[in-house]
file input_9.txt (compact mmCIF, C-alpha atoms)
# COMPACT_ATOMS: atom_id res chain seq x y z
CA MET L 295 -1.04 5.74 13.36
CA ASN L 296 1.00 8.50 14.94
CA SER L 297 3.15 10.94 13.03
CA VAL L 298 6.66 9.52 12.59
CA PRO L 299 9.77 11.45 11.50
CA PHE L 300 10.03 11.55 7.71
CA TRP L 301 13.47 9.98 7.32
CA SER L 302 12.81 7.10 9.73
CA VAL L 303 9.76 6.11 7.67
CA VAL L 304 11.71 6.36 4.40
CA GLN L 305 14.54 4.34 5.98
CA ALA L 306 12.04 1.58 6.87
CA ASP L 307 10.81 1.58 3.25
CA ILE L 308 14.43 1.27 2.06
CA GLU L 309 15.07 -1.59 4.49
CA ARG L 310 12.15 -3.49 2.94
CA LEU L 311 13.86 -3.09 -0.46
CA GLN L 312 17.02 -4.65 0.94
CA GLU L 313 15.16 -7.80 2.07
CA SER L 314 15.06 -9.23 -1.44
CA VAL L 315 18.19 -7.82 -3.08
CA SER L 316 21.85 -8.29 -2.37
CA GLY L 317 24.66 -6.02 -3.38
CA GLY L 318 24.77 -2.38 -4.34
CA ARG L 319 23.41 -2.80 -7.87
CA GLY L 320 20.21 -4.52 -6.70
CA PHE L 321 19.76 -1.95 -3.95
CA LEU L 322 20.21 0.92 -6.41
CA SER L 323 17.69 -0.60 -8.81
CA GLY L 324 15.26 -0.84 -5.88
CA LEU L 325 15.73 2.84 -5.06
CA LEU L 326 15.10 3.71 -8.69
CA SER L 327 12.08 1.44 -9.02
CA GLN L 328 8.67 2.84 -9.86
CA GLY L 329 7.20 1.48 -6.62
CA PHE L 330 9.76 3.26 -4.45
CA LEU L 331 9.32 6.47 -6.47
CA ALA L 332 5.58 6.38 -5.79
CA ILE L 333 6.08 5.64 -2.09
CA PHE L 334 8.68 8.39 -1.68
CA THR L 335 6.44 10.93 -3.42
CA TYR L 336 3.57 9.91 -1.14
CA ARG L 337 5.78 10.17 1.97
CA PHE L 338 7.03 13.62 0.96
CA PHE L 339 3.60 15.14 0.42
CA HIS L 340 2.00 13.24 3.33
CA TRP L 341 4.56 14.88 5.64
CA PHE L 342 3.26 18.29 4.55
CA TYR L 343 -0.37 17.10 4.73
CA GLU L 344 0.07 16.01 8.37
CA ARG L 345 1.41 19.44 9.23
CA HIS L 346 -1.37 21.27 7.36
CA VAL L 347 1.13 22.89 4.99
CA PRO L 348 -0.55 23.58 1.64
CA THR L 349 1.27 22.06 -1.33
CA GLN L 350 -1.27 22.54 -4.11
CA PRO L 351 -0.91 22.78 -7.11
CA ILE L 352 2.62 21.31 -6.93
CA ARG L 353 1.36 18.17 -5.15
CA PHE L 354 -1.30 17.60 -7.80
CA LEU L 355 1.31 17.92 -10.56
CA PHE L 356 3.76 15.50 -8.89
CA GLU L 357 1.02 12.98 -8.04
CA ARG L 358 -0.19 13.00 -11.67
CA ILE L 359 3.35 12.59 -13.03
CA VAL L 360 3.91 9.61 -10.72
CA GLU L 361 0.51 8.18 -11.62
CA ILE L 362 1.18 8.49 -15.37
CA THR L 363 4.75 7.14 -15.25
CA THR L 364 4.22 4.33 -12.73
CA GLY L 365 0.52 3.51 -12.81
CA ILE L 366 0.38 3.98 -9.03
CA SER L 367 -2.02 6.40 -7.33
CA ILE L 368 -1.39 7.11 -3.65
CA PRO L 369 -3.09 10.28 -2.37
CA ALA L 370 -1.31 12.25 0.37
CA LYS L 371 -4.35 11.89 2.63
CA ALA L 372 -4.04 8.07 2.84
CA ARG L 373 -2.41 6.73 6.01
CA ILE L 374 0.38 4.25 5.36
CA GLY L 375 2.70 2.76 7.98
CA LYS L 376 6.43 2.44 7.56
CA GLY L 377 8.03 -0.32 5.55
CA LEU L 378 5.56 -0.48 2.65
CA ARG L 379 6.83 -2.52 -0.29
CA ILE L 380 5.33 -2.26 -3.74
CA HIS L 381 6.74 -5.41 -5.25
CA HIS L 382 5.75 -4.80 -8.86
CA PHE L 383 4.40 -1.54 -10.15
CA GLY L 384 1.38 -0.71 -12.24
CA GLY L 385 -2.34 -0.43 -11.76
CA ILE L 386 -2.21 0.23 -8.01
CA ILE L 387 -4.97 2.50 -6.74
CA ILE L 388 -5.25 3.47 -3.07
CA HIS L 389 -8.30 5.36 -1.80
CA SER L 390 -7.56 8.62 0.02
CA GLU L 391 -9.22 7.27 3.19
CA ALA L 392 -7.46 3.90 3.14
CA VAL L 393 -5.22 2.89 6.04
CA ILE L 394 -2.29 0.51 5.56
CA GLY L 395 -0.26 -0.80 8.49
CA GLU L 396 3.47 -1.38 8.80
CA GLY L 397 5.52 -3.85 6.78
CA CYS L 398 2.88 -4.55 4.11
CA THR L 399 3.56 -5.80 0.59
CA ILE L 400 1.43 -4.86 -2.40
CA HIS L 401 1.74 -6.39 -5.87
CA GLN L 402 0.61 -4.96 -9.21
CA GLY L 403 -3.01 -4.33 -10.09
CA VAL L 404 -4.23 -3.87 -6.51
CA THR L 405 -7.13 -1.58 -5.63
CA LEU L 406 -7.96 -0.41 -2.11
CA GLY L 407 -11.17 1.47 -2.70
CA ASP L 408 -14.74 2.26 -1.78
CA LEU L 409 -17.90 0.74 -3.23
CA GLY L 410 -18.44 3.20 -6.04
CA GLY L 411 -18.58 6.44 -4.09
CA TRP L 412 -19.93 5.03 -0.84
CA GLY L 413 -19.07 2.36 1.70
CA GLY L 414 -15.79 3.69 3.10
CA ALA L 415 -12.27 2.44 2.45
CA PRO L 416 -10.28 -0.57 3.70
CA CYS L 417 -8.11 -0.62 6.81
CA VAL L 418 -5.20 -3.02 6.33
CA GLY L 419 -3.29 -4.32 9.36
CA ASN L 420 0.45 -4.84 9.81
CA HIS L 421 2.52 -7.29 7.72
CA VAL L 422 -0.26 -8.03 5.25
CA PHE L 423 0.55 -9.48 1.82
CA ILE L 424 -1.76 -8.38 -1.02
CA GLY L 425 -1.39 -10.45 -4.19
CA ALA L 426 -1.51 -9.24 -7.78
CA GLY L 427 -4.86 -8.00 -9.02
CA ALA L 428 -6.58 -8.13 -5.61
CA LYS L 429 -9.43 -5.72 -4.92
CA LEU L 430 -10.21 -4.70 -1.32
CA LEU L 431 -13.43 -2.73 -1.37
CA GLY L 432 -15.50 -0.90 1.23
CA ASN L 433 -15.24 -0.31 4.95
CA ILE L 434 -13.46 -3.57 5.80
CA THR L 435 -10.58 -4.51 8.06
CA ILE L 436 -7.79 -6.86 7.06
CA GLY L 437 -6.18 -8.37 10.16
CA ASP L 438 -2.47 -8.39 10.93
CA GLY L 439 -0.43 -11.03 9.12
CA SER L 440 -3.18 -11.93 6.66
CA ARG L 441 -2.61 -12.80 3.03
CA ILE L 442 -4.87 -11.74 0.19
CA GLY L 443 -4.60 -14.04 -2.82
CA ALA L 444 -4.06 -12.91 -6.38
CA ASN L 445 -7.23 -11.56 -8.05
CA ALA L 446 -9.29 -11.92 -4.86
CA VAL L 447 -12.22 -9.55 -4.45
CA VAL L 448 -12.48 -8.88 -0.73
CA LEU L 449 -15.79 -7.36 0.40
CA THR L 450 -15.81 -8.51 4.05
CA SER L 451 -13.33 -8.17 6.88
CA VAL L 452 -10.56 -10.75 7.20
CA PRO L 453 -9.43 -11.90 10.68
CA PRO L 454 -5.73 -11.78 11.62
CA HIS L 455 -3.44 -14.42 10.12
CA CYS L 456 -5.98 -15.70 7.60
CA LEU L 457 -5.94 -16.22 3.86
CA ALA L 458 -8.59 -14.67 1.57
CA VAL L 459 -8.93 -16.09 -1.95
CA GLY L 460 -11.49 -16.09 -4.73
CA VAL L 461 -14.25 -13.94 -6.20
CA PRO L 462 -15.86 -13.01 -3.91
CA ALA L 463 -13.13 -13.84 -1.43
CA VAL L 464 -13.53 -16.78 0.90
CA ILE L 465 -11.57 -16.78 4.15
CA LYS L 466 -9.40 -19.85 4.60
CA ASN L 467 -7.59 -21.21 7.63
CA SER L 468 -4.73 -19.47 9.37
CA THR L 469 -1.76 -18.37 7.25
CA LYS L 470 0.45 -20.12 9.81
CA ASP L 471 -0.79 -23.39 8.29
CA VAL L 472 -0.22 -22.32 4.69

call {"tool": "encode", "arguments": {"input": "input_9.txt", "output": "structure tokens"}}
result
Amino acid sequence: MNSVPFWSVVQADIERLQESVSGGRGFLSGLLSQGFLAIFTYRFFHWFYERHVPTQPIRFLFERIVEITTGISIPAKARIGKGLRIHHFGGIIIHSEAVIGEGCTIHQGVTLGDLGGWGGAPCVGNHVFIGAGAKLLGNITIGDGSRIGANAVVLTSVPPHCLAVGVPAVIKNSTKDV
């Protein structure tokens, strides 16, 4: 993922908010949502991180405030493509080495993490849907256009355009058939 101008990435995030709301009131509530607050805070400090501009201890303070008020932890080191949508807030933990592609949707209770201090972090492709409570753990790759079912525990890579459901997750047929 190459460095993209700050405002164009934020604009893509805002456009994802507009997909599901109509009218100014719905749009304003989207801008004021906890998910967008967490994404914007991440984008702001990630911009500085990419340019090797030190922001500590201010970054730590802002990240903790966002984490406490929203239940969402997104470290500035993570790499997230434009157009991320956090559909419902709360309990979302993203590993600092995780990679998330463009146009992804994450629901509440999702963890993108390592295997308890080892095993690397997930790499999520473009336009991936991650359902509520899903756990993506370890050095795995989630292919473009895949869907991760609610409460799935994904420990192996998922090919593009597939569905992963269950504990541990089982890969089902193409999402084009679902």

call {"tool": "atom_distance", "arguments": {"input": "input_9.txt", "atom1": "CA of Ala415 (chain L)", "atom2": "CA of Val448 (chain L)"}}
result
11.8 Å

call {"tool": "residues_around", "arguments": {"input": "input_9.txt", "residues": "region 454-457 of chain L", "least_positions_apart": "2", "cutoff": "10 Å", "atoms": "all atoms listed in the file", "output": "PyMOL selection string"}}
result
chain L and resi 419-423+435-443+451-452+459+463-472

call {"tool": "closest_residue", "arguments": {"input": "input_9.txt", "among": "L:Val461, L:Val447, L:Thr405, L:Ile400", "to": "His382 (chain L)", "atoms": "all atoms listed in the file"}}
result
L:Ile400

call {"tool": "closest_residue", "arguments": {"input": "input_9.txt", "among": "L:Ala428, L:Gly365, L:Ile308, L:Val418", "to": "Pro453 (chain L)", "atoms": "all atoms listed in the file"}}
result
L:Val418

call {"tool": "atom_distance", "arguments": {"input": "input_9.txt", "atom1": "CA of Gly329 (chain L)", "atom2": "CA of Gly397 (chain L)"}}
result
14.5 Å

call {"tool": "atom_distance", "arguments": {"input": "input_9.txt", "atom1": "CA of Arg379 (chain L)", "atom2": "CA of Gly460 (chain L)"}}
result
23.2 Å

call {"tool": "residues_near_point", "arguments": {"input": "input_9.txt", "point": "(6.5, 9.5, 6.7)", "cutoff": "9 Å", "atoms": "all atoms listed in the file", "output": "list in words"}}
result
Ser297, Val298, Pro299, Phe300, Trp301, Ser302, Val303, Val304, Phe334, Tyr336, Arg337, Phe338, Phe339, His340, Trp341, Ile374, Gly375 and Lys376 of chain L

call {"tool": "closest_residue", "arguments": {"input": "input_9.txt", "among": "L:Gly385, L:Ala446, L:Val393, L:Thr399", "to": "Val360 (chain L)", "atoms": "only C-alpha atoms"}}
result
L:Gly385

call {"tool": "residues_around", "arguments": {"input": "input_9.txt", "residues": "Glu391 (chain L)", "least_positions_apart": "6", "cutoff": "9 Å", "atoms": "only C-alpha atoms", "output": "ChimeraX atom specification"}}
result
/L:369,371-373,407-408,414-417

call {"tool": "axis_aligned_box", "arguments": {"input": "input_9.txt", "around": "region 437-447 of chain L", "padding_each_side": "5 Å", "output": "lines of an AutoDock Vina configuration file"}}
result
center_x = -6.3
center_y = -11.2
center_z = 1.4
size_x = 21.8
size_y = 15.7
size_z = 29.0

call {"tool": "closest_residue", "arguments": {"input": "input_9.txt", "among": "L:Ala370, L:Leu449, L:Phe330, L:Gly413", "to": "Phe342 (chain L)", "atoms": "all atoms listed in the file"}}
result
L:Ala370

call {"tool": "closest_residue", "arguments": {"input": "input_9.txt", "among": "L:Ala426, L:Leu409, L:Arg345, L:Arg353", "to": "Phe383 (chain L)", "atoms": "all atoms listed in the file"}}
result
L:Ala426

call {"tool": "residues_near_point", "arguments": {"input": "input_9.txt", "point": "(-0.3, 5.5, -3.2)", "cutoff": "7 Å", "atoms": "all atoms listed in the file", "output": "VMD selection string"}}
result
chain L and resid 332 to 333 336 366 to 369 387 to 388

call {"tool": "decode", "arguments": {"input": "input_9.txt", "residues": "region 319-385 of chain L", "atoms": "C-alpha atoms", "output": "mmCIF file, in the first residue's frame"}}
result
data_model
loop_
_atom_site.group_PDB
_atom_site.id
_atom_site.type_symbol
_atom_site.label_atom_id
_atom_site.label_comp_id
_atom_site.auth_asym_id
_atom_site.auth_seq_id
_atom_site.Cartn_x
_atom_site.Cartn_y
_atom_site.Cartn_z
ATOM 1 C CA ARG L 319 -28.931 14.029 9.358
ATOM 2 C CA GLY L 320 -27.842 10.442 8.643
ATOM 3 C CA PHE L 321 -24.585 11.653 7.148
ATOM 4 C CA LEU L 322 -23.877 13.846 10.182
ATOM 5 C CA SER L 323 -24.586 10.965 12.556
ATOM 6 C CA GLY L 324 -22.121 8.873 10.524
ATOM 7 C CA LEU L 325 -19.428 11.534 10.868
ATOM 8 C CA LEU L 326 -20.040 11.647 14.605
ATOM 9 C CA SER L 327 -20.099 7.871 15.004
ATOM 10 C CA GLN L 328 -17.573 6.106 17.193
ATOM 11 C CA GLY L 329 -16.303 4.063 14.243
ATOM 12 C CA PHE L 330 -15.526 7.136 12.152
ATOM 13 C CA LEU L 331 -13.898 8.838 15.156
ATOM 14 C CA ALA L 332 -11.572 5.852 15.577
ATOM 15 C CA ILE L 333 -10.763 5.725 11.853
ATOM 16 C CA PHE L 334 -10.100 9.463 11.659
ATOM 17 C CA THR L 335 -7.809 9.342 14.695
ATOM 18 C CA TYR L 336 -5.943 6.427 13.122
ATOM 19 C CA ARG L 337 -5.639 8.266 9.776
ATOM 20 C CA PHE L 338 -4.335 11.413 11.468
ATOM 21 C CA PHE L 339 -1.582 9.707 13.428
ATOM 22 C CA HIS L 340 -0.763 7.221 10.642
ATOM 23 C CA TRP L 341 -0.033 10.203 8.376
ATOM 24 C CA PHE L 342 2.626 11.348 10.852
ATOM 25 C CA TYR L 343 3.896 7.771 11.327
ATOM 26 C CA GLU L 344 4.463 7.372 7.561
ATOM 27 C CA ARG L 345 6.509 10.558 7.542
ATOM 28 C CA HIS L 346 8.546 9.562 10.618
ATOM 29 C CA VAL L 347 7.257 12.565 12.573
ATOM 30 C CA PRO L 348 7.232 11.740 16.296
ATOM 31 C CA THR L 349 3.852 12.252 17.951
ATOM 32 C CA GLN L 350 4.395 10.613 21.338
ATOM 33 C CA PRO L 351 3.056 11.094 24.014
ATOM 34 C CA ILE L 352 0.129 12.918 22.361
ATOM 35 C CA ARG L 353 -0.616 9.946 20.080
ATOM 36 C CA PHE L 354 -0.677 7.561 23.036
ATOM 37 C CA LEU L 355 -3.109 9.835 24.887
ATOM 38 C CA PHE L 356 -5.467 10.206 21.891
ATOM 39 C CA GLU L 357 -5.349 6.475 21.070
ATOM 40 C CA ARG L 358 -6.227 5.604 24.685
ATOM 41 C CA ILE L 359 -9.092 8.126 24.768
ATOM 42 C CA VAL L 360 -10.499 6.657 21.550
ATOM 43 C CA GLU L 361 -10.004 3.125 22.858
ATOM 44 C CA ILE L 362 -11.786 3.902 26.139
ATOM 45 C CA THR L 363 -14.686 5.835 24.580
ATOM 46 C CA THR L 364 -15.276 3.618 21.533
ATOM 47 C CA GLY L 365 -13.824 0.223 22.386
ATOM 48 C CA ILE L 366 -11.766 0.351 19.174
ATOM 49 C CA SER L 367 -7.979 -0.030 19.127
ATOM 50 C CA ILE L 368 -6.228 0.845 15.864
ATOM 51 C CA PRO L 369 -2.483 1.494 16.238
ATOM 52 C CA ALA L 370 -0.901 4.068 13.919
ATOM 53 C CA LYS L 371 1.526 1.433 12.626
ATOM 54 C CA ALA L 372 -1.256 -0.720 11.090
ATOM 55 C CA ARG L 373 -1.732 -0.337 7.326
ATOM 56 C CA ILE L 374 -5.322 0.297 6.302
ATOM 57 C CA GLY L 375 -6.535 1.125 2.797
ATOM 58 C CA LYS L 376 -9.027 3.835 2.010
ATOM 59 C CA GLY L 377 -12.743 3.382 2.456
ATOM 60 C CA LEU L 378 -12.736 1.406 5.720
ATOM 61 C CA ARG L 379 -16.161 1.167 7.334
ATOM 62 C CA ILE L 380 -16.639 0.214 10.953
ATOM 63 C CA HIS L 381 -20.313 -0.635 10.865
ATOM 64 C CA HIS L 382 -20.893 -0.973 14.602
ATOM 65 C CA PHE L 383 -18.397 0.041 17.221
ATOM 66 C CA GLY L 384 -17.038 -1.762 20.233
ATOM 67 C CA GLY L 385 -14.551 -4.487 20.943
#
